[in-house]
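Structure first, then comments.
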Amino acid sequence: MKSKLKITSLITAAAAISAIAVQAQDSAATQAADATDSPTLEIPISLSGSENPDRVAKITVSGYAQAQYVYSDTKGSSSQNSGFNIRRAEISVKGELDENWSAEIGFEIDSGKSGGKMNGIFVDKAVIAYNAGSVGTLTAGYQKPSFVMEEYSSSKKALCIEESIASQYFNSIAGLSGRHGGVWWDGSVGDFTYGVAFTNSNTNDFDEDSCGYAFYGNIGYKLRADNVSVELGLNATYNSGEDDRSSSAPAGNVYGFEPFAKITSGGFTGILDALCADGDNDVLSHFVFGINATAAYRMENNFEPVVRVSYLNAGDNANVNAGLLKNVPDGGYANHENAVAAYIGVNYYANKYVKLSAGYEYAKLSGGSAPAEYSNSVRLQVQVAF
């Protein structure tokens with residue numbers, strides 16, 4: 001590694017986060033509850049003016065904040081990233097008026113969107129939903145569709161501190177994931193689950209100049225035996241793109257598939273998901289393949305070791321760069337074909353509100369006309385959820 005880690009900064013960061021952990025931990029609880037399942041604030045509201053005055057509506061408030069220290073470097077780059085930031089902060093309010101109707105809106109601050117800078121508050125989710133009972137649920141509004149597991153899954157419950165380079169590629173380059181405005185239908189039949197969505201092609205809510213359309217679909221099946229649970233599924237999407245090129249939905253067609261499997265048994269969690277896409281637009285004109293393999297084991301003392309291996313092959317698209325990784329400096333080359341990355345870390349669930357995480361990730365980018373690049377990143381994070 002061309003540059004050495006700033007040991008003093010890391011020690012300072014570890015000491016600061018350790019101090020928070022000592023104050024946050026419930027010393028009386030030897031088996032602390034999962035911070036991702038922390039209680040939410042529920043406010044009952046009497047609907048005295050409605051046709052059913054005995055009916056009580058409910059407003060639920062939830063949220064979380066993640067404070068992070070990061071050190072990262074890339075071979076070939078003259079810069080290093082290091083320092084503290086509020087990686088994410090989110091608050092969500094959901095109102096349930098009766099057994100069928102509900103509405104939810106959430107706001108988020110995400111410093112990973114602009115190289116570590118706090119760039120204002122944006123809408124994370126804004127939806128209206130109608131629950132038709134066993135038939136399914138109809139949702140209209142603005143949210144993430146089911147494509148790229150690490151992207152649409154809650155960051156609050158993530159096993160690794162950041163998404164893999166494969167997931168980031170499909171989010172940032174292929175434009176197949178992210179938040180979209182549209183309509184969703186989700187349902188289940190026995191152990192089978194399914195969903196379909198019809199949305200704007202643009203990951204921004206609406207482009208008044210030009211807006212194509214995207215289609216999403218997902219199916220899943222759960223197997224249970226004793227203390228073992230296996231979930232198998234497939235996510236798929238087709239995006240028609242914009243009439244005019246934009247960074248979030250270039251002109252031209254793109255389609256993608258994501259088969260996945262998740263197994264849980266006792267404290268063990270294993271996740272394998274494969275991502276593939278192809279298209280005929282200016283950004284993605286050749287077949288792309290990526291895979292993430294993640295394993296974690298939650299021990300009785302509430303420590304949870306985590307490992308993840310990721311691989312990405314963008315082929316002749318040759319548009320892979322280190323800047324795809326959150327808060328990692330770009331080495332100056334943007335035309336790699338392949339990337340492989342390995343993450344090792346540990347989570348500690350101090351109590352039902354607080355989760356502490358530490359992780360190291362190494363990534364190698366190669367192929368194409370550019371020389372190989374190597375990146376290193378070390379992250380320390382404390383999360384408080386309510």
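Residues in the structure tokens are named by chain (A, B, ... in the order shown) and by number from 1 within that chain; ligands are numbered from 1 in the order shown.
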
Quiz item: Within 12 Å of Tyr152 (chain A), counting only C-alpha atoms, which residues qualify if same-chain residues fewer than 3 places away don't, as a list in words?
Solution: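 Contacts, in chain order: Asp124, Lys125, Gln143, Lys144, Pro145, Ser146, Phe147, Val148, Met149, Ser155, Lys156, Lys157, Ala158, Glu163, Ser167, Gln168, Asn171, Leu176, Ser177, Gly178, Arg179, His180 and Asn235 of chain A.
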
Self-check item: helix (DSSP H, G or I) call set, DSSP backbone run, region 134-315 of chain A, as number ranges by chain
Solution: A: 134-135, 149-152, 155-157, 165-172, 315

Practice problem: Pull the strand (DSSP E) assignments for region 196-351 of chain A out of DSSP run on the backbone, and list those residues as a PyMOL selection string. | Solution: chain A and resi 196-200+213-225+228-239+254-265+268-279+288-297+303-313+338-349

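Rounded to one decimal, CA of Thr193 (chain A) and CA of Asn131 (chain A) lie 15.2 Å from each other.
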
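When CA of Phe260 (chain A) is paired with CA of Ala197 (chain A), their separation reads 19.0 Å.
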
Practice problem: Find the spatial neighbours of Ile219 (chain A), counting only C-alpha atoms, within a cut-off of 8 Å - ignore same-chain residues fewer than 6 positions away - and output them as a list in words. | Solution: Phe192, Thr193, Tyr194, Gly195, Gly233, Leu234 and Asn235 of chain A

Exercise. Work out how far apart CA of Glu42 (chain A) and CA of Ile161 (chain A) are and give it in Å to one decimal.
Key: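 Going from CA of Glu42 (chain A) over to CA of Ile161 (chain A), I get 28.7 Å.
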
Quiz prompt | Pick from A:Asn302, A:Thr60, A:Ser377, A:Gln383, whichever lies nearest to Ser82 (chain A) using only C-alpha atoms | solution = A:Ser377

Quiz item: Smallest atom-to-atom distance to Gly63 (chain A): which of A:Pro305, A:Gly141, A:Val384, A:Ala166, using only C-alpha atoms?
Solution: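 Comparing A:Pro305, A:Gly141, A:Val384, A:Ala166 against Gly63 (chain A), the winner is A:Val384.
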